Amino acid sequence: MTASPLAQLQEQTTDLLATVAAWQTLDELLEGEVFVTGKRSILSALQKSLGSLEPEARKGAGAQLQEARRSVEAAVAQKRAELESAARIVALEADRLDLGDVVSSAVRVPYSHGHPGIVAATQRELEDVFVGMGFRVADGPEVETDWYNFEALNIPPAHPSRGMWDTFYVELGDPETVVLRTHTSPTQIHLMEAAVASDSLPIHSVMPGRCYRRDTPDARHLAAFHQIEGLVVDRGITFADLAGVIDTFTKAYFGADMQSRLRPAFFPFTEPSAEFEITCTICRGEGCRTCSHTGWIELGGCGMLDPAVLAAVGIDGDEWSGFAFGFGIDRCAQMRHQIADMRALIENDVRFLRQLS
Amino acid sequence: MKIPLSWLAEFVDLPADLDALIASMDDLGLVVEGVERIGEGLEDVIVARVNTITPIEGADRIRLISVDAGNGPLDIVCGAMNFAVGNHVPLAPVGAVLPGNFVIAERRMKGVISNGMLCSARELRLSEDHEGLMLLDALITPVIGEKLTSALGIVPDVVLDVSIEGNRPDAWSIVGIARDLAARFGQVLRLPATALPDDGAPTSSLATATIAVPDLCGRLTLSVLTDVVVGPSPQHLAQRLTMAGMRPISNVVDASNLVMLELGQPTHPYDASLVAGSSIGVRRARSGESLQTLDDVTRPLAQPGRGLGDSGDDCVIVDGDDQVIGLAGIMGGASSEISAATTTVLLEAAFFDPMTIARSSKRHGLRSEASNRFERGVDPELALFAAARFVELLRQSSPTLHWMSDPLDVRGETPSVPSVTLRPGDVQRSLGVTIDESEVRRLLTSLDFTVTGESTLIVTPPTRRLDVRDGAAGRADVIEEIARLYSYSRLPRHTPTWPQPGGLSDRQKMRRRLRDVLVDLGVNEAWTPTLGSDEDFALLHPNESRVRVTNPLASEESVLRRSMILGLVRAWARNAERGLGDVVLGEIGVVFTHPDDATTARVVRGGNGGSVKLTLPSENERATIILGRSGDDATSAVAFWNAVASRLDLHDVVVRSTSEVAAGLHPTRAASLELSTGEVLGWVGEVDPALLGQLSTIAARRLGVLDLDLDVVIKTALERQANQYVAVPSRFPSAALDLALVTPQTVHAADVAQALRAASELVQDVVLFDVYQGPGLPQGTRSLAYALCLGADDRTLSERELGDLRAQLIAAANALGAVLRA
């Protein structure tokens, strides 16, 4: 009977582990690895020698060898992590720079030319139009409670009209109590609550901001998007004022030759409600594929504040009345710049970003 | 909803001009989103018989077919392979114009002349089938030469795809749309024909109906139909269903669907022999019960749901043994389904509480044509009319059926019908136009609203108008109805003005200024994702809580970002991989911190009815810039910051290296931007090389980074703006003094500068102009060289004063451990 090729395995393993433990640098590890676990290691040589054994013996020896290999490999991995971490510390130290010592006049700053984001630029233009019409601009948070995003807007829990918004819920508190706002309308509620609390009605504000809907992105929709919302609460405000504001805005932003029109629609937070459409910006009303040959394209929704919304925020509907409207900023940008696919807005390709001056 | 015009025209006379009809519907809020023309382009297609099939030399994908279409043999070249000699197929002869204006002409292929085209169902727009020719033998008994339209019983029609708003369930039917149109056109609405119950034994002699939950079920009617013959529907009814987008199943099921489409009332037919005791009851489901619905899914009932205030109420239909056989108003059970063997039908037509249906349907993830209607509200008074219409329709295919007399009709609670008060001037106050009282009356009564009273009108909506509420809200509902019928296009427009000025808040103005400054300095504004993956979050903030989305579209978009650095570095890397990395990218946006980790919690009204306070993630607006131009690094990032700071009057902000840097930044090449109060405006430095390695394949490259907290930056910049003192420069010459100070590495250059500035009011300016490190200096020190400008407003400083001042400045430096370089 010949001696098992693994007779010395324990000692050999101990030697290998000692070799690994002795490595001081990553270079040593990279050089030595092949002799410890690689093709030129004793472990690999022993593996080959197993071929001469009887099948039964081979099985047991194989397992033994595997076990030895695992322990060595684990030691190498641990050593690698240690040395990498040490190397990072060394490299970072070598790289150390006290930024307080930077002498500005000595730094050659590369020259480059920047470009505003298309959405931000569009938002600014829209804000400016409304500011010119006497509106203030209000910001609001992106994470909202169900109260602000839905219930105060006359959209009770589980109401079928919630189907109009595919909602992302945030994992906080009880299920479905916190949401990523699906529209900018919750900012209306914040404004009205604050105005009531501080007795500072009237309100004439627009509210731009980022919103989220659980829609699979396509050429016309993104799961994150930007809306601008308008709110007027004042004495003696009528639907005629709403239609007038929509029309003035349409002409100011899209062009003096553009028309707007309203048609009946349903939104839980306004009554009467309307969709507003404007002359198709592509064909200027002639009829084309974009507008399905109607000459009109839908821009947004609007209406007189629903009495239930006024009641929710504690505004006396006999003294005050008002209207709200809202539409997509990204969509305006898409129309204005004829962006074929909305997804370009989030791809951040420099060739895309650089086009807006 | 798909509306075949031929069906609509049964109930109201339509204008001849389709565009005029569509315009009227749009103006009524019944928006037409699509127009489909049935049978268009099929006028010239005829039935042909395949006589011979001959291969064509040199072609294996086409064959020469000789057909007979009534005028002798005709040779056609055809690429389809799915037919045999003797089959009947549709032929479009030369000169025919197929759907899509496809003109058939004589063609020559491989030396053979083809005198027309044999068609697939898709080419005729009859179905999506394009596997081969449409094989007519399976469908009809074909007659050679017959027009395909008459052979298949296709009547040319137009189908409008109409979008019905959520508050108008009453218009969500053919008759509902006809009713609106009749009101608009000043015409009479013709209601569909209905059957009357037959004489004989009353329904109660065979069946029972009970409501155990009057709050969930407002009305339950039950009809018994005996001697029913189940079979296919007549062709014209089947075609109607198909045009409206539903599949014909059997005459009984089809009649139920037709009634739902026509009137808006869902009904449910049961095989009476499969319902114990022929008894239908309505009750709440009990915990532990389950139901196998028609879609073969077994659903546990009465389980509280996730939604706000969802108690888990399921309204169910039970049989005489109290066994659940249906989820009321949503879907029936499999056990009592109509089959070919059915002879006695129980027909349920009911009214269920809309919110109960809405909650159950949502909880079970089960939406049906019936639940969609019930959850929005079906006219509680429609049930028996719908049953009578069902019988009338079913009689067409089962003429001998018997409708037992006195159908059962049990009532629970139905929504009360509001009385809305319309005061004089209400319409004007809301719409800005005065509409005559008589006109208001005419408009409302045209849709069956009852109007009584003089000057102050009491308006009562018809029972189908469940959208009209009580009180002030009801007034708004009625005014909307007046406006809609009057036409929005006729309402006046007036652009209001008010004394309060418009404008931006100070913060918004400063944000704009910052954005302009950044763009001026080379930033290309990006928009990176708010939602990232768990792995992304763990890369930078392994020890913080995540604000997670419960129902993300994808796991990579499930956690709200805590920083914009990651998104921007990734965006930069993608550009760099295309060779476009020589660029500055930046974003102004919001990052989120979990309430567990936030320093200031955001506590907001929430919960059911807004009755509780909820703690939400804090939202922090930041501006983050990645400097990726060749040559960019931590020093250019500092220079970039200095440029920003000078434009926003923030030059006293100290760039301070710290041992702990913000996540994602290079640990030894970053500094915080601090005010003398210790408040941190943000961070400047380089991107951690390890992060860049993890996010991109780009080989080691330095990326500068600037990350600003807009809350602090804007607040500080605004304070500076408010207090900005503009000094008139001294008329007296100032003196220049350079001081090279050997300073311990541990002492910040900015602190030395500040000490020099503070040493005397005669110090007008201090600028660091050189840093030397190396031979000749003690270990652990470097030489900082400052250029000082010294002077006074009222005199030229004397040599002696300057000498004293110099000593004073050196002493101030010494106090920090800095000594004059020898």
# chains A, B, ... in the order shown; residues from 1 in each chain; ligands from 1
call {"tool": "select_by_dssp", "arguments": {"residues": "range 378-554 of chain B", "states": "helix (DSSP H, G or I)", "output": "PyMOL selection string"}}
result
chain B and resi 383-395+426-431+437-445+471-486+488-490+506-520+534-540
call {"tool": "residues_around", "arguments": {"residues": "Asp406 in chain B", "least_positions_apart": "5", "cutoff": "8 Å", "atoms": "only C-alpha atoms", "output": "MDAnalysis selection string"}}
result
chainID B and resid 197 202:204
call {"tool": "residues_around", "arguments": {"residues": "range 360-374 of chain B", "least_positions_apart": "3", "cutoff": "9 Å", "atoms": "only C-alpha atoms", "output": "JSON list (two decimals) with N, CA and C atoms, in the first residue's frame"}}
result
[["chain", "number", "residue", "atom", "x", "y", "z"],
["A", 158, "ALA", "N", -60.07, 55.04, -0.31],
["A", 158, "ALA", "CA", -60.68, 53.97, -1.11],
["A", 158, "ALA", "C", -61.68, 54.48, -2.14],
["A", 160, "PRO", "N", -63.29, 55.51, -5.47],
["A", 160, "PRO", "CA", -62.86, 55.12, -6.82],
["A", 160, "PRO", "C", -62.11, 56.23, -7.55],
["B", 169, "PRO", "N", -71.70, 58.27, -13.54],
["B", 169, "PRO", "CA", -72.07, 56.87, -13.81],
["B", 169, "PRO", "C", -73.40, 56.80, -14.57],
["B", 172, "TRP", "N", -72.79, 56.48, -18.13],
["B", 172, "TRP", "CA", -71.92, 55.38, -18.52],
["B", 172, "TRP", "C", -72.75, 54.26, -19.13],
["B", 260, "MET", "N", -76.44, 45.87, -19.22],
["B", 260, "MET", "CA", -75.47, 46.72, -18.50],
["B", 260, "MET", "C", -74.93, 47.82, -19.42],
["B", 264, "GLY", "N", -76.73, 50.68, -17.99],
["B", 264, "GLY", "CA", -75.82, 50.96, -16.89],
["B", 264, "GLY", "C", -76.11, 50.15, -15.64],
["B", 265, "GLN", "N", -77.07, 49.25, -15.71],
["B", 265, "GLN", "CA", -77.39, 48.43, -14.53],
["B", 265, "GLN", "C", -76.78, 47.04, -14.69],
["B", 266, "PRO", "N", -75.78, 46.69, -13.85],
["B", 266, "PRO", "CA", -75.30, 45.31, -13.88],
["B", 266, "PRO", "C", -76.36, 44.38, -13.31],
["B", 267, "THR", "N", -76.52, 43.21, -13.91],
["B", 267, "THR", "CA", -77.43, 42.20, -13.35],
["B", 267, "THR", "C", -76.64, 40.91, -13.25],
["B", 299, "ARG", "N", -60.99, 33.13, -2.80],
["B", 299, "ARG", "CA", -60.68, 34.38, -2.11],
["B", 299, "ARG", "C", -61.17, 34.35, -0.68],
["B", 300, "PRO", "N", -60.27, 34.52, 0.29],
["B", 300, "PRO", "CA", -60.70, 34.62, 1.68],
["B", 300, "PRO", "C", -61.48, 35.93, 1.86],
["B", 301, "LEU", "N", -62.52, 35.88, 2.67],
["B", 301, "LEU", "CA", -63.41, 37.04, 2.80],
["B", 301, "LEU", "C", -63.25, 37.68, 4.18],
["B", 302, "ALA", "N", -63.74, 38.91, 4.26],
["B", 302, "ALA", "CA", -63.81, 39.64, 5.53],
["B", 302, "ALA", "C", -62.45, 39.77, 6.21],
["B", 303, "GLN", "N", -61.41, 39.94, 5.40],
["B", 303, "GLN", "CA", -60.08, 40.18, 5.95],
["B", 303, "GLN", "C", -59.79, 41.69, 5.90],
["B", 304, "PRO", "N", -59.50, 42.32, 7.05],
["B", 304, "PRO", "CA", -59.23, 43.77, 7.02],
["B", 304, "PRO", "C", -58.11, 44.09, 6.03],
["B", 305, "GLY", "N", -58.29, 45.18, 5.28],
["B", 305, "GLY", "CA", -57.32, 45.52, 4.24],
["B", 305, "GLY", "C", -56.28, 46.51, 4.74],
["B", 306, "ARG", "N", -55.42, 46.90, 3.82],
["B", 306, "ARG", "CA", -54.33, 47.81, 4.16],
["B", 306, "ARG", "C", -54.78, 49.27, 4.18],
["B", 307, "GLY", "N", -55.84, 49.55, 3.40],
["B", 307, "GLY", "CA", -56.21, 50.95, 3.19],
["B", 307, "GLY", "C", -56.67, 51.63, 4.47],
["B", 310, "ASP", "N", -60.07, 50.74, 6.40],
["B", 310, "ASP", "CA", -60.71, 49.60, 5.76],
["B", 310, "ASP", "C", -60.94, 48.51, 6.80],
["B", 312, "GLY", "N", -62.59, 45.72, 6.33],
["B", 312, "GLY", "CA", -62.65, 44.38, 5.76],
["B", 312, "GLY", "C", -64.07, 43.94, 5.44],
["B", 313, "ASP", "N", -65.02, 44.88, 5.41],
["B", 313, "ASP", "CA", -66.40, 44.52, 5.05],
["B", 313, "ASP", "C", -66.46, 43.97, 3.63],
["B", 314, "ASP", "N", -67.00, 42.76, 3.49],
["B", 314, "ASP", "CA", -67.33, 42.24, 2.17],
["B", 314, "ASP", "C", -68.82, 41.98, 2.16],
["B", 315, "CYS", "N", -69.51, 42.53, 1.17],
["B", 315, "CYS", "CA", -70.93, 42.27, 1.03],
["B", 315, "CYS", "C", -71.06, 41.06, 0.12],
["B", 327, "LEU", "N", -69.62, 37.50, -4.65],
["B", 327, "LEU", "CA", -69.14, 38.72, -4.01],
["B", 327, "LEU", "C", -70.01, 39.82, -4.60],
["B", 328, "ALA", "N", -70.93, 40.34, -3.79],
["B", 328, "ALA", "CA", -72.00, 41.19, -4.30],
["B", 328, "ALA", "C", -71.46, 42.32, -5.15],
["B", 329, "GLY", "N", -72.04, 42.45, -6.34],
["B", 329, "GLY", "CA", -71.72, 43.60, -7.19],
["B", 329, "GLY", "C", -70.35, 43.55, -7.82],
["B", 330, "ILE", "N", -69.58, 42.49, -7.54],
["B", 330, "ILE", "CA", -68.23, 42.43, -8.09],
["B", 330, "ILE", "C", -68.07, 41.22, -9.01],
["B", 331, "MET", "N", -68.28, 40.03, -8.45],
["B", 331, "MET", "CA", -68.17, 38.84, -9.29],
["B", 331, "MET", "C", -68.94, 37.70, -8.64],
["B", 351, "PHE", "N", -78.98, 47.24, -5.94],
["B", 351, "PHE", "CA", -78.19, 48.44, -5.68],
["B", 351, "PHE", "C", -77.33, 48.16, -4.46],
["B", 352, "PHE", "N", -76.01, 48.32, -4.59],
["B", 352, "PHE", "CA", -75.11, 48.12, -3.46],
["B", 352, "PHE", "C", -74.43, 49.43, -3.10],
["B", 353, "ASP", "N", -74.06, 49.53, -1.82],
["B", 353, "ASP", "CA", -73.39, 50.74, -1.34],
["B", 353, "ASP", "C", -72.08, 50.94, -2.10],
["B", 354, "PRO", "N", -71.92, 52.08, -2.80],
["B", 354, "PRO", "CA", -70.74, 52.25, -3.66],
["B", 354, "PRO", "C", -69.42, 52.10, -2.91],
["B", 355, "MET", "N", -69.29, 52.67, -1.71],
["B", 355, "MET", "CA", -68.00, 52.62, -1.02],
["B", 355, "MET", "C", -67.66, 51.19, -0.58],
["B", 356, "THR", "N", -68.69, 50.40, -0.24],
["B", 356, "THR", "CA", -68.43, 49.01, 0.14],
["B", 356, "THR", "C", -67.87, 48.23, -1.06],
["B", 357, "ILE", "N", -68.48, 48.46, -2.21],
["B", 357, "ILE", "CA", -68.00, 47.78, -3.42],
["B", 357, "ILE", "C", -66.58, 48.26, -3.74],
["B", 377, "GLY", "N", -71.83, 54.18, -8.50],
["B", 377, "GLY", "CA", -73.21, 54.47, -8.13],
["B", 377, "GLY", "C", -74.19, 54.22, -9.28],
["B", 378, "VAL", "N", -75.00, 53.18, -9.13],
["B", 378, "VAL", "CA", -76.01, 52.84, -10.12],
["B", 378, "VAL", "C", -77.35, 53.37, -9.61]]
call {"tool": "residues_around", "arguments": {"residues": "Ala785 in chain B", "least_positions_apart": "3", "cutoff": "9 Å", "atoms": "only C-alpha atoms", "output": "list in words"}}
result
Asp738, Leu739, Ala740, Leu741, Val742, Val767, Leu768, Phe769, Asp770, Val771 and Tyr772 of chain B
call {"tool": "write_last_selection", "arguments": {"atoms": "N, CA and C atoms", "output": "tab-separated table (two decimals), in the first residue's frame"}}
result
chain	number	residue	atom	x	y	z
B	738	ASP	N	3.56	91.94	2.92
B	738	ASP	CA	3.52	90.49	2.78
B	738	ASP	C	4.09	89.87	4.04
B	739	LEU	N	3.41	88.88	4.56
B	739	LEU	CA	3.89	88.16	5.73
B	739	LEU	C	3.94	86.68	5.39
B	740	ALA	N	5.12	86.05	5.55
B	740	ALA	CA	5.22	84.60	5.41
B	740	ALA	C	5.30	84.02	6.80
B	741	LEU	N	4.33	83.17	7.13
B	741	LEU	CA	4.22	82.68	8.50
B	741	LEU	C	4.39	81.17	8.51
B	742	VAL	N	5.36	80.71	9.27
B	742	VAL	CA	5.53	79.26	9.43
B	742	VAL	C	4.49	78.80	10.44
B	767	VAL	N	-5.09	88.31	1.86
B	767	VAL	CA	-5.24	87.26	0.85
B	767	VAL	C	-4.07	86.29	0.96
B	768	LEU	N	-4.39	85.00	1.04
B	768	LEU	CA	-3.34	83.96	1.02
B	768	LEU	C	-2.81	83.88	-0.40
B	769	PHE	N	-1.51	84.06	-0.59
B	769	PHE	CA	-1.01	84.02	-1.97
B	769	PHE	C	0.03	82.94	-2.21
B	770	ASP	N	0.53	82.31	-1.15
B	770	ASP	CA	1.48	81.22	-1.42
B	770	ASP	C	1.51	80.28	-0.23
B	771	VAL	N	1.68	79.01	-0.53
B	771	VAL	CA	1.85	78.00	0.51
B	771	VAL	C	3.12	77.23	0.18
B	772	TYR	N	4.05	77.18	1.10
B	772	TYR	CA	5.28	76.42	0.86
B	772	TYR	C	5.42	75.35	1.91
call {"tool": "residues_around", "arguments": {"residues": "range 230-240 of chain A", "least_positions_apart": "2", "cutoff": "6 Å", "atoms": "only C-alpha atoms", "output": "tab-separated table (two decimals) with C-alpha atoms, in the first residue's frame"}}
result
chain	number	residue	atom	x	y	z
A	202	PRO	CA	-56.84	86.20	-0.14
A	203	ILE	CA	-54.49	83.80	-1.93
A	204	HIS	CA	-53.18	84.22	-5.47
A	205	SER	CA	-50.44	81.65	-5.91
A	206	VAL	CA	-48.92	79.20	-8.31
A	242	LEU	CA	-60.82	81.19	-14.23
A	243	ALA	CA	-61.47	81.07	-17.97
A	320	TRP	CA	-64.77	83.51	-0.31
A	321	SER	CA	-64.70	81.65	-3.58
A	322	GLY	CA	-61.89	80.59	-5.78
A	323	PHE	CA	-60.50	78.43	-8.51
A	324	ALA	CA	-57.59	76.12	-9.11
A	325	PHE	CA	-55.83	74.88	-12.21
B	430	SER	CA	-70.27	81.06	-9.54
B	431	LEU	CA	-70.23	81.35	-13.32
B	432	GLY	CA	-69.93	85.11	-13.76
B	492	PRO	CA	-67.88	84.64	-20.46
B	493	ARG	CA	-64.19	85.22	-19.74
B	494	HIS	CA	-62.72	87.91	-17.62
call {"tool": "residues_around", "arguments": {"residues": "Ala308 in chain A", "least_positions_apart": "5", "cutoff": "10 Å", "atoms": "only C-alpha atoms", "output": "number ranges by chain"}}
result
A: 152-155, 268-271, 313-315, 317; B: 472-474, 476
call {"tool": "write_last_selection", "arguments": {"atoms": "C-alpha atoms", "output": "JSON list (two decimals), in the first residue's frame"}}
result
[["chain", "number", "residue", "atom", "x", "y", "z"],
["A", 152, "ALA", "CA", -58.68, 67.34, 2.24],
["A", 153, "LEU", "CA", -59.02, 67.51, -1.54],
["A", 154, "ASN", "CA", -62.34, 65.67, -1.29],
["A", 155, "ILE", "CA", -60.88, 62.30, -2.24],
["A", 268, "PRO", "CA", -62.96, 65.74, -6.92],
["A", 269, "PHE", "CA", -61.53, 69.05, -5.66],
["A", 270, "THR", "CA", -63.26, 71.38, -8.10],
["A", 271, "GLU", "CA", -66.90, 71.92, -9.06],
["A", 313, "VAL", "CA", -59.60, 73.91, 5.43],
["A", 314, "GLY", "CA", -62.17, 76.03, 7.26],
["A", 315, "ILE", "CA", -62.81, 78.75, 4.69],
["A", 317, "GLY", "CA", -67.63, 79.56, 1.15],
["B", 472, "ALA", "CA", -73.35, 74.05, -0.67],
["B", 473, "ALA", "CA", -71.58, 71.19, -2.43],
["B", 474, "GLY", "CA", -74.87, 70.19, -4.07],
["B", 476, "ALA", "CA", -71.93, 73.59, -6.95]]
call {"tool": "residues_around", "arguments": {"residues": "range 82-96 of chain A", "least_positions_apart": "3", "cutoff": "12 Å", "atoms": "only C-alpha atoms", "output": "PyMOL selection string"}}
result
(chain A and resi 20-30+75-79+99-101) or (chain B and resi 633-635+657-659+665-671+685-686+688-690+702+745)
call {"tool": "atom_distance", "arguments": {"atom1": "CA of Arg219 in chain B", "atom2": "CA of Glu413 in chain B"}}
result
7.5 Å
call {"tool": "select_by_dssp", "arguments": {"residues": "range 209-298 of chain A", "states": "strand (DSSP E or B)", "output": "MDAnalysis selection string"}}
result
chainID A and resid 209:212 224:234 260:264 267 270:279 296:298
call {"tool": "write_last_selection", "arguments": {"atoms": "C-alpha atoms", "output": "PDB file, in the first residue's frame"}}
result
ATOM      1  CA  GLY A 209     -42.969  71.129  -8.062  1.00  0.00           C
ATOM      2  CA  ARG A 210     -41.997  67.518  -8.565  1.00  0.00           C
ATOM      3  CA  CYS A 211     -44.681  64.847  -8.303  1.00  0.00           C
ATOM      4  CA  TYR A 212     -44.706  61.083  -8.589  1.00  0.00           C
ATOM      5  CA  ALA A 224     -41.470  61.520 -11.606  1.00  0.00           C
ATOM      6  CA  PHE A 225     -42.683  64.677 -13.271  1.00  0.00           C
ATOM      7  CA  HIS A 226     -43.282  68.357 -12.649  1.00  0.00           C
ATOM      8  CA  GLN A 227     -46.556  70.174 -12.322  1.00  0.00           C
ATOM      9  CA  ILE A 228     -47.548  73.739 -11.800  1.00  0.00           C
ATOM     10  CA  GLU A 229     -50.745  74.449  -9.963  1.00  0.00           C
ATOM     11  CA  GLY A 230     -52.606  77.724  -9.555  1.00  0.00           C
ATOM     12  CA  LEU A 231     -54.877  78.760  -6.707  1.00  0.00           C
ATOM     13  CA  VAL A 232     -56.974  81.870  -6.251  1.00  0.00           C
ATOM     14  CA  VAL A 233     -59.146  82.392  -3.181  1.00  0.00           C
ATOM     15  CA  ASP A 234     -60.697  85.823  -3.027  1.00  0.00           C
ATOM     16  CA  SER A 260     -57.901  78.177 -25.135  1.00  0.00           C
ATOM     17  CA  ARG A 261     -61.161  76.374 -24.504  1.00  0.00           C
ATOM     18  CA  LEU A 262     -62.781  74.605 -21.582  1.00  0.00           C
ATOM     19  CA  ARG A 263     -64.922  71.510 -21.573  1.00  0.00           C
ATOM     20  CA  PRO A 264     -66.681  69.728 -18.730  1.00  0.00           C
ATOM     21  CA  PHE A 267     -61.958  66.448 -10.510  1.00  0.00           C
ATOM     22  CA  THR A 270     -63.256  71.381  -8.104  1.00  0.00           C
ATOM     23  CA  GLU A 271     -66.902  71.920  -9.061  1.00  0.00           C
ATOM     24  CA  PRO A 272     -67.657  73.006 -11.720  1.00  0.00           C
ATOM     25  CA  SER A 273     -64.591  71.345 -13.256  1.00  0.00           C
ATOM     26  CA  ALA A 274     -63.075  71.624 -16.691  1.00  0.00           C
ATOM     27  CA  GLU A 275     -60.303  70.289 -18.862  1.00  0.00           C
ATOM     28  CA  PHE A 276     -58.532  73.036 -20.663  1.00  0.00           C
ATOM     29  CA  GLU A 277     -57.292  72.680 -24.177  1.00  0.00           C
ATOM     30  CA  ILE A 278     -55.183  75.010 -26.245  1.00  0.00           C
ATOM     31  CA  THR A 279     -54.623  75.397 -29.956  1.00  0.00           C
ATOM     32  CA  TRP A 296     -56.684  71.215 -29.994  1.00  0.00           C
ATOM     33  CA  ILE A 297     -54.457  69.606 -27.419  1.00  0.00           C
ATOM     34  CA  GLU A 298     -55.292  68.974 -23.813  1.00  0.00           C
TER      35      GLU A 298
END
call {"tool": "closest_residue", "arguments": {"among": "B:Glu587, B:Glu679, B:Asp649, B:Glu719", "to": "chain A", "atoms": "only C-alpha atoms"}}
result
B:Glu587
call {"tool": "closest_residue", "arguments": {"among": "A:Thr13, A:Ser112, A:Thr290, A:Thr216", "to": "Glu73 in chain A", "atoms": "only C-alpha atoms"}}
result
A:Thr13
call {"tool": "atom_distance", "arguments": {"atom1": "CA of Phe449 in chain B", "atom2": "CA of Leu14 in chain B"}}
result
23.2 Å
call {"tool": "atom_distance", "arguments": {"atom1": "CA of Gly301 in chain A", "atom2": "CA of Thr281 in chain A"}}
result
18.0 Å
call {"tool": "closest_residue", "arguments": {"among": "B:Glu57, B:Glu165, B:Glu10, B:Glu381", "to": "chain A", "atoms": "only C-alpha atoms"}}
result
B:Glu165
call {"tool": "closest_residue", "arguments": {"among": "B:Ala727, B:Val47, B:Ala792, B:Ala643", "to": "chain A", "atoms": "only C-alpha atoms"}}
result
B:Ala643
call {"tool": "decode", "arguments": {"residues": "range 110-139 of chain A", "atoms": "C-alpha atoms", "output": "compact mmCIF listing (two decimals), in the first residue's frame"}}
result
# COMPACT_ATOMS: atom_id res chain seq x y z
CA PRO A 110 -10.89 75.04 -16.46
CA TYR A 111 -13.29 77.21 -18.43
CA SER A 112 -16.61 75.68 -19.41
CA HIS A 113 -19.98 76.78 -20.48
CA GLY A 114 -23.10 75.73 -18.56
CA HIS A 115 -26.72 75.22 -19.48
CA PRO A 116 -29.88 75.42 -17.39
CA GLY A 117 -32.07 72.30 -17.18
CA ILE A 118 -34.94 72.30 -19.63
CA VAL A 119 -37.49 71.63 -16.89
CA ALA A 120 -36.05 74.28 -14.57
CA ALA A 121 -35.95 76.82 -17.40
CA THR A 122 -39.51 76.02 -18.41
CA GLN A 123 -40.66 76.27 -14.81
CA ARG A 124 -39.05 79.70 -14.54
CA GLU A 125 -40.76 80.93 -17.70
CA LEU A 126 -44.11 79.70 -16.44
CA GLU A 127 -43.55 81.29 -13.03
CA ASP A 128 -42.66 84.56 -14.70
CA VAL A 129 -45.84 84.58 -16.75
CA PHE A 130 -47.94 84.04 -13.63
CA VAL A 131 -45.95 86.52 -11.56
CA GLY A 132 -46.70 89.04 -14.28
CA MET A 133 -50.40 88.26 -13.80
CA GLY A 134 -50.19 88.95 -10.07
CA PHE A 135 -49.47 85.49 -8.67
CA ARG A 136 -47.01 84.61 -5.95
CA VAL A 137 -45.04 81.37 -6.11
CA ALA A 138 -45.25 78.74 -3.36
CA ASP A 139 -43.22 75.58 -2.80
